[in-house]
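> protein-v3.txt is the file, holding compact mmCIF, C-alpha atoms:
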# COMPACT_ATOMS: atom_id res chain seq x y z
CA MET S 1 -22.00 -8.56 -18.06
CA SER S 2 -18.54 -8.35 -19.58
CA ALA S 3 -17.85 -8.53 -23.28
CA SER S 4 -17.04 -12.23 -22.93
CA GLY S 5 -20.49 -12.93 -21.47
CA ALA S 6 -19.18 -13.76 -17.99
CA ASP S 7 -20.19 -11.71 -14.97
CA PRO S 8 -17.54 -9.02 -14.33
CA ALA S 9 -15.07 -9.55 -11.52
CA LEU S 10 -15.46 -5.85 -10.71
CA LEU S 11 -18.44 -3.63 -11.43
CA VAL S 12 -18.40 0.05 -10.52
CA ASP S 13 -21.65 1.85 -11.33
CA GLY S 14 -22.13 5.59 -10.77
CA LEU S 15 -19.75 5.62 -7.81
CA VAL S 16 -19.72 8.86 -5.83
CA VAL S 17 -17.63 9.58 -2.73
CA ARG S 18 -17.89 12.87 -0.84
CA PHE S 19 -15.97 14.11 2.18
CA GLY S 20 -18.15 16.95 3.43
CA GLN S 21 -18.34 19.43 0.55
CA LEU S 22 -15.46 17.79 -1.31
CA GLU S 23 -16.45 15.34 -4.04
CA ALA S 24 -13.48 12.99 -4.34
CA VAL S 25 -15.15 10.63 -6.83
CA GLY S 26 -17.91 11.90 -9.08
CA GLY S 27 -19.97 9.23 -10.78
CA VAL S 28 -17.34 6.74 -11.95
CA SER S 29 -18.45 3.60 -13.84
CA PHE S 30 -16.39 0.73 -15.26
CA ALA S 31 -16.28 -3.07 -15.34
CA VAL S 32 -13.36 -5.49 -15.21
CA ALA S 33 -13.59 -8.99 -16.66
CA PRO S 34 -12.39 -12.10 -14.78
CA GLY S 35 -8.65 -12.58 -15.24
CA GLU S 36 -8.13 -9.08 -16.65
CA VAL S 37 -5.38 -6.68 -15.57
CA PHE S 38 -7.02 -3.25 -15.34
CA GLY S 39 -4.90 -0.18 -14.67
CA LEU S 40 -6.10 3.07 -13.13
CA LEU S 41 -4.04 6.06 -14.22
CA GLY S 42 -4.27 9.59 -12.93
CA PRO S 43 -2.40 12.30 -11.06
CA ASN S 44 -2.14 12.04 -7.29
CA GLY S 45 -5.35 13.22 -5.70
CA ALA S 46 -7.44 12.23 -8.73
CA GLY S 47 -9.45 9.66 -6.74
CA LYS S 48 -7.71 6.39 -7.60
CA THR S 49 -6.93 5.39 -4.02
CA THR S 50 -10.40 6.48 -2.88
CA ILE S 51 -11.91 4.08 -5.43
CA ILE S 52 -9.68 1.25 -4.20
CA ARG S 53 -10.65 1.99 -0.61
CA VAL S 54 -14.32 1.63 -1.56
CA LEU S 55 -13.71 -1.61 -3.46
CA THR S 56 -11.78 -3.08 -0.52
CA THR S 57 -14.54 -2.00 1.95
CA LEU S 58 -12.30 0.47 3.78
CA LEU S 59 -14.59 3.34 2.80
CA ALA S 60 -18.35 3.47 2.25
CA PRO S 61 -19.55 5.03 -1.01
CA THR S 62 -21.81 8.06 -0.83
CA GLU S 63 -23.81 7.07 -3.90
CA GLY S 64 -23.76 4.38 -6.58
CA ARG S 65 -22.83 0.75 -6.23
CA ALA S 66 -19.79 -1.48 -6.52
CA LEU S 67 -19.63 -5.25 -6.84
CA VAL S 68 -16.44 -7.23 -6.20
CA ALA S 69 -16.45 -10.92 -7.16
CA GLY S 70 -20.23 -10.57 -7.35
CA PHE S 71 -20.59 -9.18 -3.81
CA ASP S 72 -21.96 -5.74 -2.95
CA VAL S 73 -19.41 -3.66 -1.02
CA ARG S 74 -22.20 -2.02 1.01
CA LYS S 75 -24.15 -5.11 2.00
CA GLU S 76 -21.65 -7.98 1.80
CA GLY S 77 -18.42 -6.58 3.16
CA LEU S 78 -17.28 -9.81 4.80
CA ALA S 79 -17.72 -11.75 1.56
CA VAL S 80 -15.85 -9.05 -0.36
CA ARG S 81 -12.92 -9.13 2.05
CA ALA S 82 -12.78 -12.93 1.84
CA SER S 83 -12.54 -12.67 -1.96
CA ILE S 84 -9.76 -10.10 -2.33
CA GLY S 85 -6.12 -9.34 -1.69
CA TYR S 86 -4.92 -5.76 -1.16
CA ILE S 87 -1.41 -4.33 -1.41
CA PRO S 88 -1.29 -0.65 -0.37
CA GLN S 89 1.46 1.68 -1.52
CA ALA S 90 2.92 1.92 1.99
CA ILE S 91 4.96 -1.16 2.94
CA SER S 92 2.82 -3.17 5.34
CA VAL S 93 4.99 -6.12 6.37
CA ASP S 94 6.51 -6.31 9.86
CA GLY S 95 10.24 -5.63 9.64
CA ALA S 96 10.93 -7.42 12.94
CA LEU S 97 9.61 -10.74 11.59
CA THR S 98 11.18 -13.03 9.04
CA ALA S 99 9.59 -13.41 5.64
CA TYR S 100 8.20 -16.79 6.70
CA GLU S 101 6.83 -15.39 9.97
CA ASN S 102 5.12 -12.57 8.08
CA LEU S 103 3.41 -15.10 5.82
CA ASP S 104 2.32 -17.25 8.76
CA PHE S 105 1.05 -14.19 10.65
CA TYR S 106 -0.95 -12.95 7.68
CA GLY S 107 -2.43 -16.40 7.13
CA ARG S 108 -3.58 -16.61 10.74
CA VAL S 109 -5.18 -13.17 10.95
CA THR S 110 -6.97 -13.51 7.62
CA GLY S 111 -8.62 -16.73 8.70
CA VAL S 112 -6.82 -19.26 6.50
CA PRO S 113 -7.79 -22.64 8.03
CA ARG S 114 -4.91 -24.11 10.01
CA ARG S 115 -5.06 -27.43 8.13
CA GLU S 116 -4.64 -25.55 4.82
CA ARG S 117 -2.22 -22.85 5.92
CA ARG S 118 1.06 -24.65 5.24
CA GLU S 119 -0.06 -25.79 1.77
CA ARG S 120 -1.20 -22.29 0.83
CA MET S 121 2.02 -20.76 2.14
CA THR S 122 4.01 -23.24 0.05
CA GLU S 123 2.00 -22.27 -3.05
CA ALA S 124 2.50 -18.55 -2.41
CA ILE S 125 6.22 -19.03 -1.78
CA GLU S 126 6.61 -20.90 -5.06
CA THR S 127 4.49 -18.43 -7.03
CA MET S 128 6.49 -15.41 -5.85
CA GLU S 129 9.83 -17.28 -5.69
CA LEU S 130 10.49 -16.47 -2.04
CA ALA S 131 12.34 -19.60 -0.90
CA PRO S 132 15.83 -17.98 -0.69
CA MET S 133 14.62 -15.23 1.64
CA LEU S 134 12.28 -17.01 4.06
CA ASP S 135 14.66 -16.88 7.06
CA ARG S 136 15.63 -13.24 6.58
CA LEU S 137 14.12 -10.42 8.63
CA ALA S 138 11.79 -8.34 6.47
CA ARG S 139 13.71 -5.16 7.28
CA THR S 140 16.78 -6.61 5.52
CA LEU S 141 14.94 -7.27 2.24
CA SER S 142 15.13 -5.06 -0.83
CA GLY S 143 12.11 -3.15 -2.06
CA GLY S 144 11.43 -5.69 -4.79
CA MET S 145 11.65 -8.57 -2.33
CA LEU S 146 9.27 -6.80 0.07
CA ARG S 147 6.71 -6.31 -2.67
CA ARG S 148 6.92 -9.98 -3.62
CA LEU S 149 6.47 -10.90 0.05
CA GLU S 150 3.41 -8.66 0.35
CA ILE S 151 1.87 -10.13 -2.79
CA ALA S 152 2.56 -13.65 -1.50
CA SER S 153 0.80 -12.72 1.76
CA ALA S 154 -2.19 -11.41 -0.16
CA LEU S 155 -2.42 -14.69 -2.08
CA LEU S 156 -2.91 -16.84 1.01
CA ASN S 157 -6.70 -16.49 0.97
CA ARG S 158 -6.66 -17.29 -2.77
CA PRO S 159 -8.25 -14.00 -3.82
CA GLU S 160 -10.41 -13.72 -6.89
CA VAL S 161 -9.40 -10.07 -7.19
CA LEU S 162 -6.05 -8.52 -6.25
CA PHE S 163 -5.76 -4.75 -5.68
CA LEU S 164 -2.35 -3.11 -5.94
CA ASP S 165 -1.86 0.60 -5.23
CA GLU S 166 1.40 1.76 -6.85
CA PRO S 167 3.05 -1.66 -6.29
CA THR S 168 6.40 -0.69 -7.85
CA VAL S 169 6.81 2.84 -6.50
CA GLY S 170 10.42 3.47 -5.51
CA LEU S 171 11.72 0.27 -7.14
CA ASP S 172 14.50 0.16 -9.70
CA PRO S 173 13.71 -1.17 -13.20
CA THR S 174 15.03 -4.65 -12.42
CA ALA S 175 12.88 -4.98 -9.29
CA ARG S 176 9.85 -3.59 -11.13
CA GLY S 177 10.33 -6.17 -13.86
CA MET S 178 10.62 -8.97 -11.30
CA VAL S 179 7.40 -7.95 -9.54
CA TRP S 180 5.47 -7.74 -12.79
CA GLU S 181 6.86 -11.06 -14.00
CA ARG S 182 5.41 -12.76 -10.94
CA LEU S 183 2.09 -10.91 -11.28
CA GLN S 184 1.80 -12.03 -14.89
CA ALA S 185 2.52 -15.60 -13.82
CA LEU S 186 -0.19 -15.30 -11.17
CA GLY S 187 -2.72 -14.28 -13.81
CA VAL S 188 -1.80 -17.25 -15.99
CA GLN S 189 -1.71 -19.80 -13.17
CA ALA S 190 -4.72 -18.75 -11.11
CA GLY S 191 -6.76 -16.48 -13.38
CA THR S 192 -6.65 -13.76 -10.73
CA THR S 193 -8.21 -10.44 -11.69
CA ILE S 194 -5.88 -7.51 -10.97
CA LEU S 195 -6.67 -3.84 -10.50
CA VAL S 196 -3.54 -1.73 -10.26
CA THR S 197 -2.73 1.97 -10.02
CA THR S 198 0.53 3.22 -11.49
CA HIS S 199 2.26 6.35 -12.74
CA VAL S 200 4.71 4.37 -14.85
CA MET S 201 3.38 4.52 -18.41
CA GLU S 202 5.69 1.71 -19.57
CA GLU S 203 4.13 -0.60 -16.96
CA ALA S 204 0.63 0.39 -17.97
CA GLU S 205 1.30 -0.17 -21.66
CA ARG S 206 3.15 -3.45 -21.26
CA HIS S 207 1.22 -5.19 -18.50
CA CYS S 208 -2.38 -3.89 -18.45
CA ASP S 209 -5.09 -5.31 -20.70
CA ARG S 210 -7.16 -2.14 -20.32
CA LEU S 211 -6.77 1.24 -18.67
CA GLY S 212 -8.99 3.84 -17.09
CA VAL S 213 -7.82 7.44 -16.71
CA ILE S 214 -9.13 9.22 -13.60
CA ASP S 215 -8.92 13.00 -13.32
CA ARG S 216 -10.50 15.15 -10.62
CA GLY S 217 -12.66 12.26 -9.50
CA ARG S 218 -14.04 11.36 -12.91
CA LEU S 219 -13.28 8.66 -15.43
CA VAL S 220 -12.22 10.64 -18.49
CA GLU S 221 -11.05 7.79 -20.74
CA GLN S 222 -10.79 4.01 -20.85
CA GLY S 223 -9.70 1.30 -23.26
CA ALA S 224 -6.79 -0.94 -24.23
CA PRO S 225 -3.42 0.87 -24.34
CA ALA S 226 -3.02 0.58 -28.12
CA GLU S 227 -6.65 1.60 -28.61
CA LEU S 228 -6.17 4.77 -26.57
CA VAL S 229 -3.04 5.75 -28.48
CA ALA S 230 -4.80 5.24 -31.82
CA ARG S 231 -7.99 7.00 -30.72
CA HIS S 232 -6.14 10.19 -29.83
CA GLY S 233 -3.77 10.09 -32.79
CA VAL S 234 -0.64 10.20 -30.64
CA GLU S 235 2.40 7.97 -30.22
CA THR S 236 2.58 7.29 -26.50
CA LEU S 237 0.37 6.77 -23.46
CA GLU S 238 1.98 9.80 -21.86
CA GLU S 239 0.58 11.89 -24.70
CA VAL S 240 -2.83 10.30 -24.21
CA PHE S 241 -2.66 11.21 -20.52
CA THR S 242 -1.73 14.82 -21.30
CA THR S 243 -4.47 15.08 -23.90
CA VAL S 244 -7.30 13.85 -21.68
CA THR S 245 -6.22 15.51 -18.41
CA GLY S 246 -4.61 18.68 -19.72
CA ARG S 247 -1.39 18.06 -17.79
CA PRO S 248 1.61 15.73 -18.00
CA ILE S 249 1.82 12.59 -15.87
CA GLY S 250 4.67 14.09 -13.82
CA GLU S 251 2.52 16.97 -12.59
CA GLN S 252 1.18 15.68 -9.31
CA GLY S 253 -1.12 17.03 -6.67
CA ASN S 254 -1.72 15.84 -3.12
CA GLU S 255 -2.57 12.18 -2.81
CA ASP S 256 -5.69 10.95 -1.08
CA GLU S 257 -5.19 11.15 2.67
CA GLY S 258 -5.27 8.21 5.00
CA ARG S 259 -3.37 5.48 3.18
CA LEU S 260 -0.61 5.03 5.76
CA SER S 261 -3.03 5.44 8.65
CA ASP S 262 -5.26 2.79 7.07
CA VAL S 263 -2.34 0.37 6.97
CA ARG S 264 -1.37 1.07 10.57
CA ALA S 265 -4.96 0.63 11.73
CA GLN S 266 -5.23 -2.67 9.89
CA ARG S 267 -2.02 -3.91 11.50
CA ARG S 268 -3.31 -2.96 14.98
CA VAL S 269 -6.56 -4.83 14.38
CA ALA S 270 -4.67 -7.81 12.98
CA ARG S 271 -2.43 -8.01 16.04
CA ARG S 272 -5.45 -7.99 18.33
CA LEU S 273 -7.04 -10.77 16.32
CA GLY S 274 -3.81 -12.78 16.47
Represent the structure from my file as structure tokens, please.


Amino acid sequence: MSASGADPALLVDGLVVRFGQLEAVGGVSFAVAPGEVFGLLGPNGAGKTTIIRVLTTLLAPTEGRALVAGFDVRKEGLAVRASIGYIPQAISVDGALTAYENLDFYGRVTGVPRRERRERMTEAIETMELAPMLDRLARTLSGGMLRRLEIASALLNRPEVLFLDEPTVGLDPTARGMVWERLQALGVQAGTTILVTTHVMEEAERHCDRLGVIDRGRLVEQGAPAELVARHGVETLEEVFTTVTGRPIGEQGNEDEGRLSDVRAQRRVARRLG
């Protein structure tokens, strides 16, 4: 149960993921309340993307359990996938299709009923303010526009939980602000729970209700941004990060493998389904 008394939108309990002898995630536990924006911080290779892959049913956990929208990722994968939206770091839209065609395609392959598809597309277009770009090929859109298009696509099945892996990587400050403005509006309008990974401390501090810091596969700290700063007697989240991990946020390792291949595999499956 969450602090508010409602069942958590996300529950991760003793999650362990091993690849052979490598333990990528070592006993991570946390809960996210409905409507909360929860940020996962950590250097590349810390296990953030591995956790998201488990929660989105792309990867089976070795030990522990995880519930998404009340469904067990091991036993109820179809129900989990019907309850979520997922935006990977790698751009996943089709550059040869227009923005509108990408939305229609995504709606079809994710099983949005035909009689509801147009209404849901209209809602997503309005939420992410996509109307001016609907007839443009995706490959002509800016990074910020592409992210808004991807988020709109992920909204078509009206997800209870939205996962975003580095959603603003490579974007300029204006585009980052635009993406977050629409995400905040989504939370207010639909009460969508959001789990996001980011390396941008300003984003984490400004837009996340709570944060979890992952280092070497373990959750080493969690709490509200202001709470973390006060707890460690520092002035910034970057200092919190350095204190709990022993290294600055800019010091990165190798990211979890497979993200781009996951996206490509999903697109191949989607095309076959279409």

> Could you tell me how far CA of Ser153 (chain S) sits from CA of Leu103 (chain S), in Å to one decimal place?

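Value for the CA of Leu103 (chain S)-CA of Ser153 (chain S) distance: 5.4 Å.
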
> Measuring atom to atom with all atoms listed in the file, identify which of S:Phe241, S:Phe30, S:Phe38, S:Phe105 is nearest to Ala154 (chain S).

S:Phe105

> Nearest to Leu171 (chain S) among S:Ala204, S:Arg108, S:Gly27, S:Gln89, with distances taken over only C-alpha atoms: which residue is it?

S:Gln89

> Looking at all atoms listed in the file, which of S:Leu156, S:Ala66, S:Ala190, S:Ala6 is the one that sits closest to Val109 (chain S)?

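Answer, going by the shortest atom-to-atom distance: S:Leu156.
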
> Dig up all the protein and nucleic acid residues within 6 Å of (-3.8, -7.7, -18.3) in the file frame, using all atoms listed in the file, and format them as a PyMOL selection string.

chain S and resi 36-37+207-209
